[in-house]
Amino acid sequence: MNAALEQRTLSIRTNGRSLIPLGEKVQGALQASPFTRGLCTLFVAHTSASLLINEGADPEVTRDLERFFARLVPDGDPLFLHRAEGPDDMPAHVRTALTQTSLSLPFANGTLSLGTWQEVFLWEHRHAPHTRSISLTLIGEAT
Amino acid sequence: MNAALEQRTLSIRTNGRSLIPLGEKVQGALQASPFTRGLCTLFVAHTSASLLINEGADPEVTRDLERFFARLVPDGDPLFLHRAEGPDDMPAHVRTALTQTSLSLPFANGTLSLGTWQEVFLWEHRHAPHTRSISLTLIGEAT
Amino acid sequence: MNAALEQRTLSIRTNGRSLIPLGEKVQGALQASPFTRGLCTLFVAHTSASLLINEGADPEVTRDLERFFARLVPDGDPLFLHRAEGPDDMPAHVRTALTQTSLSLPFANGTLSLGTWQEVFLWEHRHAPHTRSISLTLIGEAT
């Protein structure tokens, strides 16, 4: 059977540095599509927010991820000369470089094929609230 | 010509923290498909194992990668509060965050288009053996 | 409408460690294709050069990225035993592991759907000049 494609955009309002679960919204877009199996590619159109798949069950995991990245890429590090938007400006770009801007998720039977413990997150790296745009490209089959 | 898609699952038994070459198994799945060219997307359905493309010729490279990540994300780091499964639990999640959960590989003439030195690895980040599931989505053309 | 696919290769001559903008060349390949919307997957066939999406407007950002990675993965680090090609050999592999070998970019109306500040870069991690091969797989619709 031939594959077809669809595109959609999610708009997510963030409220400071944090990891925001996206799985339910992506699953919703999938259900609104004609496809039962295929590949869903997420792309975040920003350079100070990124995508991440990690453990979604214990909230201590995302807090530990945040602690690790805050230590690895400290806000206000004198190494950084790009500080136009403040001490979290360049760290946000580095954290984005170390994680993902695009992610491809398989789906089957109309459902994302995530593992038991996996959640898809948008990671807002800035302390100020932002509106983040995530584009979804679904390549799939309707069976 | 129209594109079509196929999905498959690889199951890999790991034997403690290590990098396990996947290229041959992925190539096998490709050969079992009707496609001669296209894109093969790997997705590992876990949060303490990840995917990586790196040098596969000199085994010292994967040992150096292991040494670097062990220093960057130390087991038992007191920074981490998520320790339910032991000192390598949270480091495994961080190492997964710093590498890949999904990877897309082009293929042509029925063969993965990897560079001379490239190998695709599953990186088991836990010290205990696990069975890891990797899904393959092939989007391709049969010529 | 059915999806189809095309593959192309970009060859990029690098001139020592640096981030080289690719957006214009990828956009050119898009325009030479029959597709108006879809997904463009880049794959770099090397283990000491990688792909990155980050801020392309202020050149201080790429300089800061370079400073950060030079501090995180120092050339000549005695931790590394793989030094066949010199002090930047293994650091180039680690920097590749920490960034991307494949990247999937959506496009619509014949144009890459990048955010305002986003640029796609090839990151050459070696100090010597190299010729780097990047394969493009376009999966799209012609409307």
# chains A, B, ... in the order shown; residues from 1 in each chain; ligands from 1

call {"tool": "select_by_dssp", "arguments": {"residues": "chain A", "states": "strand (DSSP E or B)", "output": "VMD selection string"}}
result
chain A and resid 2 4 to 13 18 to 21 37 to 44 49 to 55 100 102 to 108 111 to 112 118 to 124 131 to 141

call {"tool": "interface_residues", "arguments": {"of": "chain C", "to": "chain B", "cutoff": "10 Å", "atoms": "only C-alpha atoms", "output": "PyMOL selection string"}}
result
chain C and resi 1-7+41-48+72-73+77+79-84+89-91+93-94+96-104+133-141

call {"tool": "write_last_selection", "arguments": {"atoms": "N, CA and C atoms", "output": "compact mmCIF listing (two decimals), in the first residue's frame"}}
result
# COMPACT_ATOMS: atom_id res chain seq x y z
N MET C 1 -3.10 12.27 -1.27
CA MET C 1 -2.12 12.12 -2.34
C MET C 1 -0.95 11.25 -1.90
N ASN C 2 -0.38 10.50 -2.83
CA ASN C 2 0.71 9.60 -2.46
C ASN C 2 2.03 10.32 -2.29
N ALA C 3 2.84 9.79 -1.38
CA ALA C 3 4.18 10.33 -1.16
C ALA C 3 5.16 9.63 -2.08
N ALA C 4 6.20 10.35 -2.45
CA ALA C 4 7.29 9.75 -3.24
C ALA C 4 8.61 10.15 -2.59
N LEU C 5 9.72 9.65 -3.12
CA LEU C 5 10.99 10.02 -2.48
C LEU C 5 12.09 10.26 -3.49
N GLU C 6 13.04 11.08 -3.07
CA GLU C 6 14.23 11.40 -3.88
C GLU C 6 15.45 11.42 -2.98
N GLN C 7 16.60 11.08 -3.54
CA GLN C 7 17.85 11.15 -2.78
C GLN C 7 18.89 11.95 -3.53
N THR C 41 15.44 14.55 5.20
CA THR C 41 16.33 13.99 6.21
C THR C 41 17.77 14.07 5.75
N LEU C 42 18.60 14.74 6.55
CA LEU C 42 20.03 14.87 6.27
C LEU C 42 20.77 13.79 7.05
N PHE C 43 21.79 13.25 6.43
CA PHE C 43 22.62 12.25 7.09
C PHE C 43 24.07 12.50 6.71
N VAL C 44 24.93 12.68 7.71
CA VAL C 44 26.34 12.93 7.43
C VAL C 44 27.10 11.61 7.60
N ALA C 45 27.82 11.21 6.55
CA ALA C 45 28.42 9.88 6.46
C ALA C 45 29.81 9.83 7.10
N HIS C 46 29.97 10.49 8.26
CA HIS C 46 31.28 10.59 8.90
C HIS C 46 31.14 10.50 10.42
N THR C 47 32.25 10.19 11.09
CA THR C 47 32.21 10.05 12.55
C THR C 47 33.03 11.13 13.25
N SER C 48 33.52 12.11 12.50
CA SER C 48 34.21 13.23 13.14
C SER C 48 33.71 14.56 12.58
N LEU C 72 34.43 21.10 27.21
CA LEU C 72 33.81 19.84 27.65
C LEU C 72 34.60 18.62 27.17
N VAL C 73 35.16 18.71 25.97
CA VAL C 73 35.87 17.58 25.36
C VAL C 73 37.23 18.07 24.88
N ASP C 77 43.08 15.21 25.67
CA ASP C 77 42.71 14.70 27.00
C ASP C 77 43.36 13.33 27.22
N LEU C 79 42.57 11.03 29.03
CA LEU C 79 41.55 9.98 29.17
C LEU C 79 41.47 9.11 27.92
N PHE C 80 41.74 9.72 26.76
CA PHE C 80 41.51 9.05 25.48
C PHE C 80 42.71 8.24 25.03
N LEU C 81 42.48 6.99 24.65
CA LEU C 81 43.55 6.13 24.15
C LEU C 81 43.57 6.05 22.62
N HIS C 82 42.44 6.35 21.99
CA HIS C 82 42.39 6.38 20.52
C HIS C 82 42.93 7.73 20.03
N ARG C 83 44.22 7.72 19.63
CA ARG C 83 44.86 8.99 19.23
C ARG C 83 45.56 8.84 17.89
N ALA C 84 45.11 7.84 17.11
CA ALA C 84 45.82 7.50 15.87
C ALA C 84 46.05 8.72 14.99
N ASP C 89 41.48 13.71 17.39
CA ASP C 89 40.84 12.53 16.79
C ASP C 89 39.66 12.06 17.64
N MET C 90 39.95 11.62 18.87
CA MET C 90 38.87 11.12 19.73
C MET C 90 37.89 12.22 20.15
N PRO C 91 38.38 13.44 20.49
CA PRO C 91 37.40 14.51 20.76
C PRO C 91 36.40 14.71 19.61
N HIS C 93 35.19 12.39 17.69
CA HIS C 93 34.18 11.32 17.80
C HIS C 93 33.20 11.61 18.94
N VAL C 94 33.71 12.13 20.07
CA VAL C 94 32.83 12.43 21.21
C VAL C 94 31.89 13.58 20.87
N THR C 96 30.84 14.36 17.96
CA THR C 96 29.85 13.80 17.05
C THR C 96 28.77 13.05 17.83
N ALA C 97 29.21 12.27 18.85
CA ALA C 97 28.25 11.51 19.67
C ALA C 97 27.29 12.44 20.41
N LEU C 98 27.76 13.63 20.81
CA LEU C 98 26.94 14.56 21.59
C LEU C 98 26.04 15.43 20.72
N THR C 99 26.24 15.41 19.40
CA THR C 99 25.38 16.19 18.50
C THR C 99 24.66 15.21 17.57
N GLN C 100 24.44 15.56 16.29
CA GLN C 100 23.57 14.72 15.45
C GLN C 100 24.28 14.18 14.21
N THR C 101 23.96 12.95 13.86
CA THR C 101 24.38 12.40 12.58
C THR C 101 23.24 12.45 11.57
N SER C 102 21.99 12.37 12.04
CA SER C 102 20.84 12.56 11.15
C SER C 102 19.88 13.59 11.72
N LEU C 103 19.24 14.31 10.84
CA LEU C 103 18.32 15.40 11.21
C LEU C 103 17.18 15.42 10.21
N SER C 104 15.93 15.52 10.68
CA SER C 104 14.80 15.56 9.75
C SER C 104 14.11 16.92 9.83
N SER C 133 30.55 14.32 3.11
CA SER C 133 29.43 13.93 2.28
C SER C 133 28.16 13.89 3.13
N ILE C 134 27.12 14.58 2.67
CA ILE C 134 25.84 14.63 3.38
C ILE C 134 24.76 14.13 2.43
N SER C 135 24.05 13.08 2.83
CA SER C 135 23.00 12.60 1.95
C SER C 135 21.66 13.18 2.38
N LEU C 136 20.85 13.51 1.39
CA LEU C 136 19.50 14.06 1.61
C LEU C 136 18.49 13.05 1.10
N THR C 137 17.53 12.70 1.95
CA THR C 137 16.40 11.90 1.49
C THR C 137 15.15 12.76 1.64
N LEU C 138 14.52 13.06 0.52
CA LEU C 138 13.30 13.86 0.52
C LEU C 138 12.11 12.92 0.36
N ILE C 139 11.19 12.98 1.31
CA ILE C 139 9.93 12.24 1.18
C ILE C 139 8.85 13.30 1.09
N GLY C 140 8.14 13.34 -0.03
CA GLY C 140 7.22 14.47 -0.19
C GLY C 140 6.11 14.23 -1.18
N GLU C 141 5.32 15.27 -1.30
CA GLU C 141 4.20 15.32 -2.24
C GLU C 141 4.44 16.45 -3.22

call {"tool": "atom_distance", "arguments": {"atom1": "atom CA of Gln31 of chain B", "atom2": "atom CA of Gly110 of chain B"}}
result
6.4 Å

call {"tool": "closest_residue", "arguments": {"among": "B:Gly86, B:Leu122, B:Pro34, B:Ser50", "to": "Asn109 of chain B", "atoms": "only C-alpha atoms"}}
result
B:Pro34

call {"tool": "atom_distance", "arguments": {"atom1": "atom CA of Ala92 of chain C", "atom2": "atom CA of Ala49 of chain C"}}
result
7.0 Å

call {"tool": "select_by_dssp", "arguments": {"residues": "chain A", "states": "alpha helix (DSSP H)", "output": "PyMOL selection string"}}
result
chain A and resi 23-31+59-72+89-98

call {"tool": "write_last_selection", "arguments": {"atoms": "C-alpha atoms", "output": "PDB file, in the first residue's frame"}}
result
ATOM      1  CA  GLY A  23       2.745  12.560  24.184  1.00  0.00           C
ATOM      2  CA  GLU A  24      -0.980  13.142  24.600  1.00  0.00           C
ATOM      3  CA  LYS A  25      -1.048  16.030  22.081  1.00  0.00           C
ATOM      4  CA  VAL A  26       0.965  14.062  19.516  1.00  0.00           C
ATOM      5  CA  GLN A  27      -1.350  11.087  20.007  1.00  0.00           C
ATOM      6  CA  GLY A  28      -4.326  13.425  19.431  1.00  0.00           C
ATOM      7  CA  ALA A  29      -2.846  14.630  16.121  1.00  0.00           C
ATOM      8  CA  LEU A  30      -2.314  11.011  15.139  1.00  0.00           C
ATOM      9  CA  GLN A  31      -5.930  10.136  15.869  1.00  0.00           C
ATOM     10  CA  PRO A  59       8.876  13.230  38.288  1.00  0.00           C
ATOM     11  CA  GLU A  60      12.262  13.013  40.039  1.00  0.00           C
ATOM     12  CA  VAL A  61      13.800  11.980  36.692  1.00  0.00           C
ATOM     13  CA  THR A  62      12.996  15.266  34.937  1.00  0.00           C
ATOM     14  CA  ARG A  63      14.156  17.164  38.047  1.00  0.00           C
ATOM     15  CA  ASP A  64      17.449  15.241  37.964  1.00  0.00           C
ATOM     16  CA  LEU A  65      17.812  15.942  34.234  1.00  0.00           C
ATOM     17  CA  GLU A  66      17.294  19.624  34.997  1.00  0.00           C
ATOM     18  CA  ARG A  67      19.891  19.506  37.830  1.00  0.00           C
ATOM     19  CA  PHE A  68      22.423  17.757  35.599  1.00  0.00           C
ATOM     20  CA  PHE A  69      22.063  20.221  32.713  1.00  0.00           C
ATOM     21  CA  ALA A  70      22.129  23.221  35.099  1.00  0.00           C
ATOM     22  CA  ARG A  71      25.487  21.976  36.427  1.00  0.00           C
ATOM     23  CA  LEU A  72      26.891  21.057  32.994  1.00  0.00           C
ATOM     24  CA  ASP A  89      20.472  32.906  26.708  1.00  0.00           C
ATOM     25  CA  MET A  90      23.579  30.995  25.588  1.00  0.00           C
ATOM     26  CA  PRO A  91      23.029  28.074  28.030  1.00  0.00           C
ATOM     27  CA  ALA A  92      19.645  27.588  26.311  1.00  0.00           C
ATOM     28  CA  HIS A  93      21.402  27.270  22.936  1.00  0.00           C
ATOM     29  CA  VAL A  94      23.951  24.781  24.328  1.00  0.00           C
ATOM     30  CA  ARG A  95      21.256  22.681  26.028  1.00  0.00           C
ATOM     31  CA  THR A  96      19.395  22.640  22.699  1.00  0.00           C
ATOM     32  CA  ALA A  97      22.594  21.493  20.926  1.00  0.00           C
ATOM     33  CA  LEU A  98      23.013  18.642  23.451  1.00  0.00           C
TER      34      LEU A  98
END

call {"tool": "atom_distance", "arguments": {"atom1": "atom CA of Thr111 of chain B", "atom2": "atom CA of Thr36 of chain B"}}
result
7.6 Å
